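Participant: One structure coming up, written as C-alpha cells, with questions to follow.
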Amino acid sequence: MYFSERMRIIIFLLYFCSFISATASAQMSKKAGRLYTAAILLKSKKQTDKACKAMELAIKKSRSAPESYSMLGQWYFEAHKFSDAARIFREASQRCRNGASRFAKPYARSLIYAGQPGAALQLIATYATLKDSADWNRMRAQGLFVSQALAAPGSKTPENLGPRVNSEFPELFPSMAVDTGDLYFTRRVNNMDEDLFHARADECGGWYYALNIGDPPNTPNQESSQFISADGHYLFFTRCENQSPDGWAEGGCDLFMTYRVANDSEWTQPQPFGATINTPAYEGMPSLSPDNGELYFVSDRPGGYGGYDIWISRFRDGLWQLPVNAGPTINTSGNETAPYMDADNQTLYFTSDGWPGMGGTDLFVARRLTDSTYAAAVNLGYPINTAFDEKSECVTLDGSKLIFSSDRDGPAGNYDLFEVPLPPDKRPVPVSYMYGVVYDSLSRARLTYAIIYITNARTGDTLYRVPTNRGDASYLITLHLGNTYALSAWHPGYTAISDTLSFERQYLQHPLVHNMALLPEDYVPPAPDTAKPAPVTDSLLTMLHFDVNRVELSDSEKANIKLVISPYLTDTAYTIYVNAYTDNTGTPMINETLSYQRAAQVSRQIQTLGIPNDKIVAKGWGESKMIATNETEEGQRMNRRVEIIIRK
C-alpha cells in the first residue's frame with residue numbers, strides 16, 4: 001500500500017504517542033494520559049503554546065506523574081520561559097516520588113536562568129553527586145558567575161536598533177564598513193532563507209531601512225554570517241547547501257568571497273575559498289584582520305576541542321596557509337562561533353556556550369598576547385549577556401559601542417540587533433584610519449593596484465601590504481593612534497615614494513586623508529647646466545605566459561630563463577626585476593595571489609643559476625598592467641605573464 005510522506009509521519013507519531021501514553025499510564029489517570037498524548041501531538045505540529053496548556057491540564061489530573069513535569073519543564077526551558085520551567089520543576093520536586101533528587105538538576109538549572117542563582121547554588125550544594133560531577137561543576141560555576149554578574153552590572157541596558165533594521169524575522173551577524181559606518185547583517189527571511197542585508201547610516205545617528213543586497217551574492221541557497229572589509233569592497237560570507245563534483249572544494253557550508261569596484265557598484269559572482277580553507281566539514285562565520293593577513297572562521301573539522309571551534313588561517317607567501325586552532329584560551333568542548341577581530345588587530349570578540357556565563361550563548365573578548373596566542377576569554381558581563389542567547393557581534397570604529405544579536409525580546413530564536421556602550425575594560429585599543437588615492441603626478445590618472453606598505457617606524461616591522469582598489473585606485477588602512485609609521489607606495493613603471501607620518505589622536509575625530517602621487521620612471525626632468533647623472537636603463541629580457549591558474553614552470557620556460565640570464569652571471573652592476581601580472585578575470589585578491597606565486601617561482605629559478613637573492617626584486621602585481629584586451633582568450637593569455645627585466 002502506498003503512503004504519502006505526510007501520512008507516514010502521522011502514523012509514526014500516533015504509534016509513538018501510543019507507546020508513550022502506555023508507558024506513562026501506570027502513573028497517571030486515563031484522562032491525564034489522553035491529555036498527555038494530545039500535548040505530544042500538538043508539540044510535534046509546532047503548536048507549542050497549545051501543547052503546554054494541554055500538558056498543564058494533564059498535570060492537574062495526575063499530580064504525581066513525573067513524565068508530565070519533565071516534558072513540560074523542558075518545553076518551557078526551550079521556549080526561554082525560565083520562571084515557568086522553575087515552577088514546574090519545583091512542583092515536581094514536591095509532588096513526585098523521589099522528586100527532590102530526581103529533579104534537582106533541571107530545577108537548579110532553571111533557577112540560574114530565571115535569575116535566582118542563590119537558590120540554585122543551595123540545591124547544587126545539597127544534591128550534587130559524584131556520578132555527574134562534571135555537569136554539577138559546570139552548573140556551580142555558572143551559578144557563581146550569574147550571582148556576581150547580577151550584583152555588579154557592567155554596562156547600560158542594550159537598546160534595540162528598531163524597526164528600520166530589525167523585522168519580524170531573525171537578524172544576526174552584524175558587520176560594519178569602516179569608512180561609511182554602513183551596517184551589514186543576515187536576515188532569516190520567513191524563518192527559512194538566509195540572505196545578506198544592508199542598512200545605511202543616516203545623518204541623525206540612526207539607520208535608513210535595511211535592504212536586501214541582491215543577487216549576487218544572494219541566491220536561493222543560504223547566505224549568512226558575512227564580514228565586510230574595512231574599505232567596503234570585499235564581502236566574505238558563508239554559503240550553505242553547496243555541492244561540487246570532487247566533494248571537497250565545496251560541500252555543506254563553505255566560505256565565499258565577492259568583490260565590488262566602488263561602494264555603489266554591483267558585487268561580482270562569489271567564489272569559494274580553496275581546499276586549504278573549505279573542507280567537507282562546516283566552514284563559516286568569517287572575519288578578516290584589518291591588515292588582511294589573518295582569516296578567522298568557525299569549523300567543526302577534526303583537531304578541535306569539541307563542537308564548533310574558531311580557526312585561523314594566515315596569508316603568507318601569497319597563499320592562505322593551513323588553518324590552526326585558536327587554542328584552549330578561546331575554544332572549549334562546547335561551541336565557539338562568530339569571531340570578530342577588531343580594527344585594532346589585538347582584540348577578538350566571539351560567542352561561546354562553553355565558558356561560564358549567564359546562560360545559553362554569551363559574548364566574550366580575548367586579547368592577543370603574541371602573533372599566535374591569546375589571553376583567557378573574558379565574559380562581557382550583564383546586561384550585555386543574559387539568560388537568553390546572545391550571538392554574533394561587531395564594534396564601532398572608535399571602540400565605544402557593541403552591536404550584537406540577541407533573542408532577549410523573544411520568542412526563542414527570534415533574534416534582533418542591539419546596541420550598547422562597551423565597558424571601558426572591554427574596549428579595543430583606539431584606532432582611526434587614513435585613506436586616499438594613488439595617482440600619476442603628471443597626468444593625474446589614478447593608479448589602480450598600486451601597492452602600499454606600512455611599517456612601524458621604530459621597529460621596522462611591516463604592518464600592512466595593501467593594494468589600491470581596482471575601480472578608483474583608493475585605499476583605506478586602520479592604524480593605532482599615537483604611533484609613527486613609515487609608508488611607501490609602488491606601481492610598475494613608476495618611481496616608488498617613501499614617507500613617514502605621526503598618527504595622533506586628532507585623527508580619531510577626523511580620519512587622515514593622504515593622497516599619493518607617483519612619478520613615471522621614464523620622466524626626464526629639464527637638464528641643468530651641470531653634467532647629467534648616468535641614466536638608468538631597463539631591458540626586457542623575456543616574457544613568460546601562463547595558462548589559467550598555472551603556477552609551475554615548464555622545462556622549456558626554465559631553459560628560456562637560463563638562456564637570458566646566463567650573460568649576466570659574471571656581472572654585478574645590475575638588478576633583476578621579476579614582475580608578474582594576470583588578466584582581469586576572477587577577483588583582485590585571487591589574482592594577486594597567482595601573480596605572487598608566479599613571480600616567486602621565477603625568482604627561485606633565477607637563484608638556482610647563481611644569481612643572489614639580493615639582486616632580484618620579485619613582485620606580483622595582479623591585474624594592474626594590461627598589455628592586451630581581456631575580451632578574447634588570446635588577449636587574456638598575453639596579460640597572464642611574467643616579465644624579467646634587468647636594470648643597469
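Residue numbers start at 1 in each chain; chains themselves are named A, B, ... in the order of the C-alpha cells; ligands are numbered from 1 in the order shown.
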List as a list of chain:residue names the protein and nucleic acid residues near segment 538-543 of chain A, meaning an atom at most 9 Å away when only C-alpha atoms are counted, but skip any in the same chain fewer than 3 places from it.

Facilitator: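 The residues that qualify are A:Asn560, A:Ile561, A:Val564, A:Ile565, A:Arg641, A:Val642, A:Glu643, A:Ile644, A:Ile645, A:Ile646, A:Arg647, A:Lys648.
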
Participant: Keeping all heavy atoms, export the residues of the selection given above as a compact mmCIF listing (two decimals), in the first residue's frame.

Facilitator:
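Final output, selection-v6.txt:
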# COMPACT_ATOMS: atom_id res chain seq x y z
N ASN A 560 64.49 28.76 -21.10
CA ASN A 560 64.45 30.15 -21.58
C ASN A 560 65.04 31.09 -20.55
O ASN A 560 65.83 31.99 -20.88
CB ASN A 560 63.00 30.52 -21.90
CG ASN A 560 62.88 31.91 -22.49
OD1 ASN A 560 63.85 32.47 -23.00
ND2 ASN A 560 61.69 32.49 -22.40
N ILE A 561 64.70 30.88 -19.27
CA ILE A 561 65.25 31.73 -18.21
C ILE A 561 66.77 31.59 -18.15
O ILE A 561 67.50 32.58 -18.03
CB ILE A 561 64.60 31.35 -16.85
CG1 ILE A 561 63.11 31.73 -16.86
CG2 ILE A 561 65.32 32.04 -15.69
CD1 ILE A 561 62.35 31.21 -15.65
N VAL A 564 68.46 33.61 -21.05
CA VAL A 564 68.52 35.08 -20.99
C VAL A 564 69.32 35.57 -19.79
O VAL A 564 69.83 36.71 -19.80
CB VAL A 564 67.10 35.69 -20.96
CG1 VAL A 564 66.33 35.30 -22.21
CG2 VAL A 564 66.32 35.27 -19.72
N ILE A 565 69.47 34.75 -18.76
CA ILE A 565 70.19 35.17 -17.55
C ILE A 565 71.69 34.88 -17.66
O ILE A 565 72.52 35.60 -17.08
CB ILE A 565 69.60 34.48 -16.31
CG1 ILE A 565 68.18 34.99 -16.05
CG2 ILE A 565 70.46 34.70 -15.08
CD1 ILE A 565 68.09 36.46 -15.70
N ARG A 641 51.24 36.99 -17.54
CA ARG A 641 52.65 36.97 -17.94
C ARG A 641 53.56 37.28 -16.75
O ARG A 641 53.13 37.87 -15.76
CB ARG A 641 52.89 38.01 -19.03
CG ARG A 641 52.78 39.44 -18.53
CD ARG A 641 52.67 40.44 -19.65
NE ARG A 641 52.78 41.82 -19.16
CZ ARG A 641 51.77 42.49 -18.59
NH1 ARG A 641 50.59 41.92 -18.44
NH2 ARG A 641 51.96 43.74 -18.18
N VAL A 642 54.81 36.90 -16.91
CA VAL A 642 55.89 37.32 -16.00
C VAL A 642 56.96 37.96 -16.86
O VAL A 642 57.46 37.35 -17.83
CB VAL A 642 56.47 36.15 -15.21
CG1 VAL A 642 57.67 36.62 -14.39
CG2 VAL A 642 55.43 35.54 -14.29
N GLU A 643 57.30 39.21 -16.54
CA GLU A 643 58.35 39.94 -17.25
C GLU A 643 59.64 39.88 -16.44
O GLU A 643 59.63 40.16 -15.23
CB GLU A 643 57.93 41.39 -17.47
CG GLU A 643 56.69 41.56 -18.33
CD GLU A 643 56.26 43.00 -18.43
OE1 GLU A 643 56.85 43.85 -17.70
OE2 GLU A 643 55.33 43.31 -19.20
N ILE A 644 60.73 39.52 -17.09
CA ILE A 644 62.05 39.55 -16.45
C ILE A 644 62.80 40.74 -17.04
O ILE A 644 63.08 40.79 -18.25
CB ILE A 644 62.83 38.25 -16.68
CG1 ILE A 644 62.03 37.05 -16.15
CG2 ILE A 644 64.20 38.32 -16.00
CD1 ILE A 644 62.69 35.71 -16.39
N ILE A 645 63.11 41.72 -16.20
CA ILE A 645 63.72 42.99 -16.63
C ILE A 645 65.05 43.16 -15.89
O ILE A 645 65.13 42.88 -14.68
CB ILE A 645 62.78 44.17 -16.32
CG1 ILE A 645 61.48 44.03 -17.14
CG2 ILE A 645 63.46 45.51 -16.60
CD1 ILE A 645 60.40 45.00 -16.72
N ILE A 646 66.05 43.60 -16.61
CA ILE A 646 67.34 43.90 -15.97
C ILE A 646 67.56 45.41 -16.01
O ILE A 646 67.34 46.07 -17.03
CB ILE A 646 68.50 43.16 -16.65
CG1 ILE A 646 69.76 43.29 -15.79
CG2 ILE A 646 68.73 43.62 -18.08
CD1 ILE A 646 70.83 42.27 -16.12
N ARG A 647 67.89 45.95 -14.86
CA ARG A 647 68.13 47.39 -14.74
C ARG A 647 69.61 47.60 -14.46
O ARG A 647 70.16 47.03 -13.51
CB ARG A 647 67.29 47.98 -13.62
CG ARG A 647 67.57 49.46 -13.35
CD ARG A 647 66.58 50.03 -12.36
NE ARG A 647 65.21 50.00 -12.90
CZ ARG A 647 64.15 50.43 -12.22
NH1 ARG A 647 64.30 50.89 -10.99
NH2 ARG A 647 62.95 50.38 -12.77
N LYS A 648 70.25 48.46 -15.29
CA LYS A 648 71.68 48.73 -15.12
C LYS A 648 71.92 50.22 -14.98
O LYS A 648 71.09 51.03 -15.41
CB LYS A 648 72.46 48.18 -16.31
CG LYS A 648 72.29 46.67 -16.51
CD LYS A 648 73.21 46.11 -17.53
CE LYS A 648 74.66 46.14 -17.03
NZ LYS A 648 75.59 45.49 -17.97

Participant: Give me, as a ChimeraX atom specification, all polymer residues having an atom no more than 10 Å from segment 182-192 of chain A, counting only C-alpha atoms and skipping those fewer than 5 positions away in the same chain.

Facilitator: /A:165-177,197-202,207-208,210-213,222-228,232,235,237,392,394,403,405,413-417

Participant: Please return as a VMD selection string: the residues of segment 100-195 of chain A that backbone DSSP assigns to helix (DSSP H, G or I).

Facilitator: chain A and resid 100 to 102 104 to 113 117 to 127 133 to 151
